[in-house]
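File shown: upload28.cif. Contents: mmCIF, C-alpha atoms.
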data_model
#
loop_
_atom_site.label_atom_id
_atom_site.label_comp_id
_atom_site.auth_asym_id
_atom_site.auth_seq_id
_atom_site.Cartn_x
_atom_site.Cartn_y
_atom_site.Cartn_z
CA MET A 1 0.00 0.00 0.00
CA LYS A 2 2.70 2.17 0.40
CA LYS A 3 3.40 2.04 -3.20
CA ILE A 4 -0.16 2.83 -4.10
CA THR A 5 -0.22 5.57 -1.57
CA LYS A 6 2.97 6.98 -2.97
CA THR A 7 1.66 6.65 -6.42
CA THR A 8 -1.59 8.23 -5.43
CA ILE A 9 0.18 11.02 -3.66
CA VAL A 10 2.52 11.52 -6.58
CA SER A 11 -0.43 11.37 -8.92
CA PHE A 12 -2.31 13.86 -6.82
CA GLY A 13 0.79 15.98 -6.64
CA ALA A 14 1.21 15.84 -10.39
CA VAL A 15 -2.45 16.62 -10.88
CA ALA A 16 -2.14 19.40 -8.34
CA LEU A 17 0.89 20.74 -10.16
CA LEU A 18 -0.88 20.51 -13.43
CA LEU A 19 -3.98 22.03 -12.02
CA GLY A 20 -1.94 24.57 -10.14
CA GLY A 21 -0.08 25.54 -13.29
CA ALA A 22 -3.31 25.58 -15.17
CA GLY A 23 -4.90 27.48 -12.34
CA ALA A 24 -2.08 29.99 -12.30
CA GLY A 25 -2.40 30.35 -16.06
CA TYR A 26 -6.15 30.68 -15.68
CA ALA A 27 -5.70 33.16 -12.86
CA ALA A 28 -3.17 35.10 -14.89
CA SER A 29 -5.52 35.00 -17.85
CA ASN A 30 -8.39 36.14 -15.65
CA TRP A 31 -6.22 38.88 -14.20
CA GLN A 32 -5.49 40.13 -17.76
CA GLY A 33 -9.25 39.95 -18.51
CA HIS A 34 -9.85 41.96 -15.36
CA ALA A 35 -7.37 44.58 -16.51
CA ASP A 36 -9.10 44.61 -19.91
CA MET A 37 -12.46 44.96 -18.21
CA ALA A 38 -11.13 47.77 -16.03
CA GLN A 39 -9.81 49.49 -19.16
CA THR A 40 -13.12 48.87 -20.94
CA ARG A 41 -14.98 50.27 -17.93
CA ALA A 42 -12.70 53.32 -17.94
CA ASN A 43 -13.29 53.70 -21.68
CA LEU A 44 -17.05 53.33 -21.12
CA ASP A 45 -16.86 55.96 -18.37
CA LYS A 46 -15.02 58.28 -20.76
CA LEU A 47 -17.60 57.58 -23.46
CA ALA A 48 -20.45 58.12 -20.97
CA THR A 49 -18.86 61.43 -19.92
CA GLN A 50 -18.41 62.44 -23.57
CA LEU A 51 -21.98 61.32 -24.34
CA SER A 52 -23.25 63.37 -21.40
CA LYS A 53 -21.30 66.42 -22.64
CA ASP A 54 -22.60 65.83 -26.17
CA LYS A 55 -26.18 65.53 -24.85
CA THR A 56 -25.69 68.78 -22.93
CA ASN A 57 -24.25 70.44 -26.03
CA LEU A 58 -27.12 69.05 -28.12
CA GLU A 59 -29.69 70.35 -25.65
CA SER A 60 -27.93 73.71 -25.59
CA ALA A 61 -27.89 73.76 -29.42
CA ARG A 62 -31.61 72.87 -29.46
CA GLN A 63 -32.34 75.72 -27.07
CA GLU A 64 -30.30 78.12 -29.19
CA LEU A 65 -32.10 76.87 -32.29
CA GLN A 66 -35.46 77.41 -30.58
CA GLN A 67 -34.38 80.90 -29.52
CA ASP A 68 -33.27 81.62 -33.09
CA LYS A 69 -36.59 80.29 -34.41
CA ASN A 70 -38.43 82.51 -31.91
CA ALA A 71 -36.30 85.49 -32.92
CA GLN A 72 -36.95 84.71 -36.58
CA ALA A 73 -40.70 84.50 -35.90
CA ASP A 74 -40.54 87.84 -34.05
CA LEU A 75 -38.68 89.41 -36.97
CA GLN A 76 -41.18 87.97 -39.43
CA ASN A 77 -44.01 89.38 -37.33
CA GLN A 78 -42.26 92.77 -37.24
CA LEU A 79 -41.79 92.61 -41.00
CA ALA A 80 -45.45 91.72 -41.53
CA GLN A 81 -46.47 94.59 -39.23
CA ALA A 82 -44.15 96.99 -41.06
CA GLU A 83 -45.57 95.87 -44.42
CA SER A 84 -49.09 96.28 -43.07
CA ASP A 85 -48.23 99.77 -41.75
CA TYR A 86 -46.67 100.67 -45.10
CA GLN A 87 -49.75 99.47 -46.98
CA SER A 88 -51.99 101.40 -44.61
CA ILE A 89 -49.94 104.56 -45.12
CA GLN A 90 -49.91 103.99 -48.88
CA ASN A 91 -53.70 103.57 -48.90
CA ARG A 92 -54.14 106.68 -46.76
CA TYR A 93 -51.80 108.63 -49.06
CA THR A 94 -53.74 107.47 -52.13
CA ALA A 95 -57.05 108.39 -50.50
CA ASP A 96 -55.67 111.80 -49.46
CA GLN A 97 -54.34 112.36 -53.00
CA GLN A 98 -57.70 111.47 -54.50
CA GLN A 99 -59.47 113.77 -52.05
CA LYS A 100 -57.05 116.60 -52.85
CA ASN A 101 -57.52 116.02 -56.57
CA GLN A 102 -61.31 116.12 -56.11
CA GLU A 103 -61.01 119.32 -54.07
CA ILE A 104 -58.77 120.87 -56.74
CA GLN A 105 -61.19 119.81 -59.47
CA GLN A 106 -64.10 121.25 -57.49
CA LYS A 107 -62.19 124.51 -56.91
CA ASN A 108 -61.33 124.66 -60.61
CA GLN A 109 -65.01 124.20 -61.45
CA GLU A 110 -65.94 126.95 -58.97
CA ILE A 111 -63.29 129.23 -60.48
CA GLN A 112 -64.53 128.49 -64.00
CA GLN A 113 -68.09 129.21 -62.87
CA LYS A 114 -66.97 132.51 -61.28
CA ILE A 115 -65.06 133.39 -64.47
CA GLN A 116 -68.20 132.70 -66.51
CA GLU A 117 -70.29 134.78 -64.12
CA ILE A 118 -67.79 137.63 -64.31
CA GLN A 119 -67.59 137.37 -68.09
CA GLN A 120 -71.39 137.39 -68.23
CA LYS A 121 -71.52 140.48 -66.00
CA ILE A 122 -68.84 142.12 -68.14
CA GLN A 123 -70.89 141.31 -71.24
CA GLU A 124 -74.01 142.66 -69.57
CA GLY A 125 -72.06 145.79 -68.60
CA ASN A 126 -70.72 146.11 -72.14
CA ASP A 127 -74.24 145.67 -73.48
CA LYS A 128 -75.53 148.41 -71.12
CA VAL A 129 -72.62 150.66 -72.10
CA ALA A 130 -73.36 150.04 -75.77
CA GLU A 131 -77.05 150.78 -75.16
CA LYS A 132 -76.19 153.94 -73.24
CA GLU A 133 -73.78 154.94 -76.00
CA LYS A 134 -76.62 154.51 -78.48
CA GLU A 135 -78.86 156.61 -76.23
CA VAL A 136 -76.09 159.22 -75.89
CA ASP A 137 -75.54 159.16 -79.65
CA ALA A 138 -79.27 159.56 -80.19
CA LEU A 139 -79.40 162.40 -77.68
CA ASN A 140 -76.31 163.97 -79.25
CA ARG A 141 -78.02 163.79 -82.66
CA LYS A 142 -81.15 165.28 -81.16
CA ILE A 143 -79.06 167.99 -79.52
CA SER A 144 -77.30 168.58 -82.83
CA GLU A 145 -80.63 168.73 -84.59
CA LEU A 146 -82.06 171.06 -81.94
CA ASN A 147 -78.91 173.18 -82.08
CA SER A 148 -79.23 173.29 -85.85
CA GLU A 149 -82.89 174.19 -85.55
CA LEU A 150 -82.14 176.78 -82.93
CA ALA A 151 -79.35 178.19 -85.02
CA ASN A 152 -81.67 178.30 -88.03
CA LYS A 153 -84.40 180.00 -85.99
CA LEU A 154 -81.95 182.49 -84.58
CA VAL A 155 -80.59 183.19 -88.03
CA ASN A 156 -84.12 183.53 -89.36
CA GLN A 157 -85.04 185.92 -86.53
CA TYR A 158 -82.00 188.05 -87.17
CA VAL A 159 -82.69 187.96 -90.83
CA GLU A 160 -86.27 188.92 -90.31
CA LYS A 161 -85.40 191.76 -88.09
#

With the file now loaded, output its structure as structure tokens.
Amino acid sequence: MKKITKTTIVSFGAVALLLGGAGAGYAASNWQGHADMAQTRANLDKLATQLSKDKTNLESARQELQQDKNAQADLQNQLAQAESDYQSIQNRYTADQQQKNQEIQQKNQEIQQKIQEIQQKIQEGNDKVAEKEKEVDALNRKISELNSELANKLVNQYVEK
């Protein structure tokens, strides 16, 4: 039994050595895997940090974009209001121009009417003057006739005397 015991012990020893060597190799391999996992975890932490920064930057960019969109909408509203104000002023100007043109046309008509009235009064005055001149001419002829008659009578009276 001693031989079997020795053999068994040696066999166990050899198996232990083999297993121990394999175990050390396995442990060493696992230790390298652990280092790789630690490096991977560190890399993942770096990526997570970078992802978090990128998410923050993305959110910040989205907020800036929204602010820019809001500013653009405000500017578009201001432009629309300015265009509306311009159109309103243009319409008012056109209406004022039309009203002024109508007033000018009405004043021109009034002036033409006054000119016609004045010309008519001038014509009436000229007609009266012409009529009076005819009357004066007629009276002057009558006076001339009477003067001639008187002169003839006076001459006849002197001649008769």

Revision key, fill the gap. Taken to one decimal, the atom CA of Ser144 of chain A-atom CA of Lys132 of chain A distance is 17.5 Å

Practice item. Take atom CA of Arg62 of chain A and atom CA of Gln76 of chain A and report the distance between them in Å, one decimal. Key: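 One can read the atom CA of Arg62 of chain A to atom CA of Gln76 of chain A distance as 20.5 Å.
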
Could the centre and edge lengths of an axis-aligned box, enclosing all atoms of segment 87-96 of chain A in the file with 5 Å extra on each side, be given in Å to one decimal as lines of an AutoDock Vina configuration file?
center_x = -53.4
center_y = 105.6
center_z = -48.4
size_x = 17.3
size_y = 22.3
size_z = 17.5

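Atom pair atom CA of Thr49 of chain A / atom CA of Gln67 of chain A: separated by 26.7 Å.
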
Could I get segment 109-128 of chain A rebuilt with N, CA and C atoms, written as a tab-separated table (two decimals), in the coordinates of the input?
chain	number	residue	atom	x	y	z
A	109	GLN	N	-63.65	124.02	-60.93
A	109	GLN	CA	-65.01	124.20	-61.45
A	109	GLN	C	-65.63	125.49	-60.89
A	110	GLU	N	-65.42	125.73	-59.58
A	110	GLU	CA	-65.94	126.95	-58.97
A	110	GLU	C	-65.31	128.18	-59.62
A	111	ILE	N	-64.00	128.11	-59.86
A	111	ILE	CA	-63.29	129.23	-60.48
A	111	ILE	C	-63.82	129.45	-61.89
A	112	GLN	N	-64.00	128.36	-62.65
A	112	GLN	CA	-64.53	128.49	-64.00
A	112	GLN	C	-65.94	129.08	-63.98
A	113	GLN	N	-66.73	128.67	-63.00
A	113	GLN	CA	-68.09	129.21	-62.87
A	113	GLN	C	-68.03	130.70	-62.55
A	114	LYS	N	-67.12	131.09	-61.64
A	114	LYS	CA	-66.97	132.51	-61.28
A	114	LYS	C	-66.50	133.30	-62.50
A	115	ILE	N	-65.55	132.71	-63.26
A	115	ILE	CA	-65.06	133.39	-64.47
A	115	ILE	C	-66.21	133.60	-65.44
A	116	GLN	N	-67.05	132.56	-65.60
A	116	GLN	CA	-68.20	132.70	-66.51
A	116	GLN	C	-69.17	133.77	-66.01
A	117	GLU	N	-69.40	133.77	-64.69
A	117	GLU	CA	-70.29	134.78	-64.12
A	117	GLU	C	-69.74	136.19	-64.35
A	118	ILE	N	-68.43	136.31	-64.12
A	118	ILE	CA	-67.79	137.63	-64.31
A	118	ILE	C	-67.84	138.03	-65.78
A	119	GLN	N	-67.53	137.06	-66.66
A	119	GLN	CA	-67.59	137.37	-68.09
A	119	GLN	C	-69.00	137.75	-68.52
A	120	GLN	N	-69.99	137.07	-67.93
A	120	GLN	CA	-71.39	137.39	-68.23
A	120	GLN	C	-71.72	138.79	-67.74
A	121	LYS	N	-71.26	139.14	-66.53
A	121	LYS	CA	-71.52	140.48	-66.00
A	121	LYS	C	-70.79	141.53	-66.84
A	122	ILE	N	-69.57	141.19	-67.27
A	122	ILE	CA	-68.84	142.12	-68.14
A	122	ILE	C	-69.61	142.31	-69.44
A	123	GLN	N	-70.11	141.21	-69.99
A	123	GLN	CA	-70.89	141.31	-71.24
A	123	GLN	C	-72.15	142.13	-71.01
A	124	GLU	N	-72.82	141.87	-69.88
A	124	GLU	CA	-74.01	142.66	-69.57
A	124	GLU	C	-73.65	144.14	-69.43
A	125	GLY	N	-72.53	144.39	-68.75
A	125	GLY	CA	-72.06	145.79	-68.60
A	125	GLY	C	-71.73	146.39	-69.96
A	126	ASN	N	-71.04	145.62	-70.80
A	126	ASN	CA	-70.72	146.11	-72.14
A	126	ASN	C	-71.99	146.38	-72.94
A	127	ASP	N	-72.97	145.46	-72.79
A	127	ASP	CA	-74.24	145.67	-73.48
A	127	ASP	C	-74.93	146.95	-73.00
A	128	LYS	N	-74.93	147.19	-71.68
A	128	LYS	CA	-75.53	148.41	-71.12
A	128	LYS	C	-74.78	149.64	-71.61
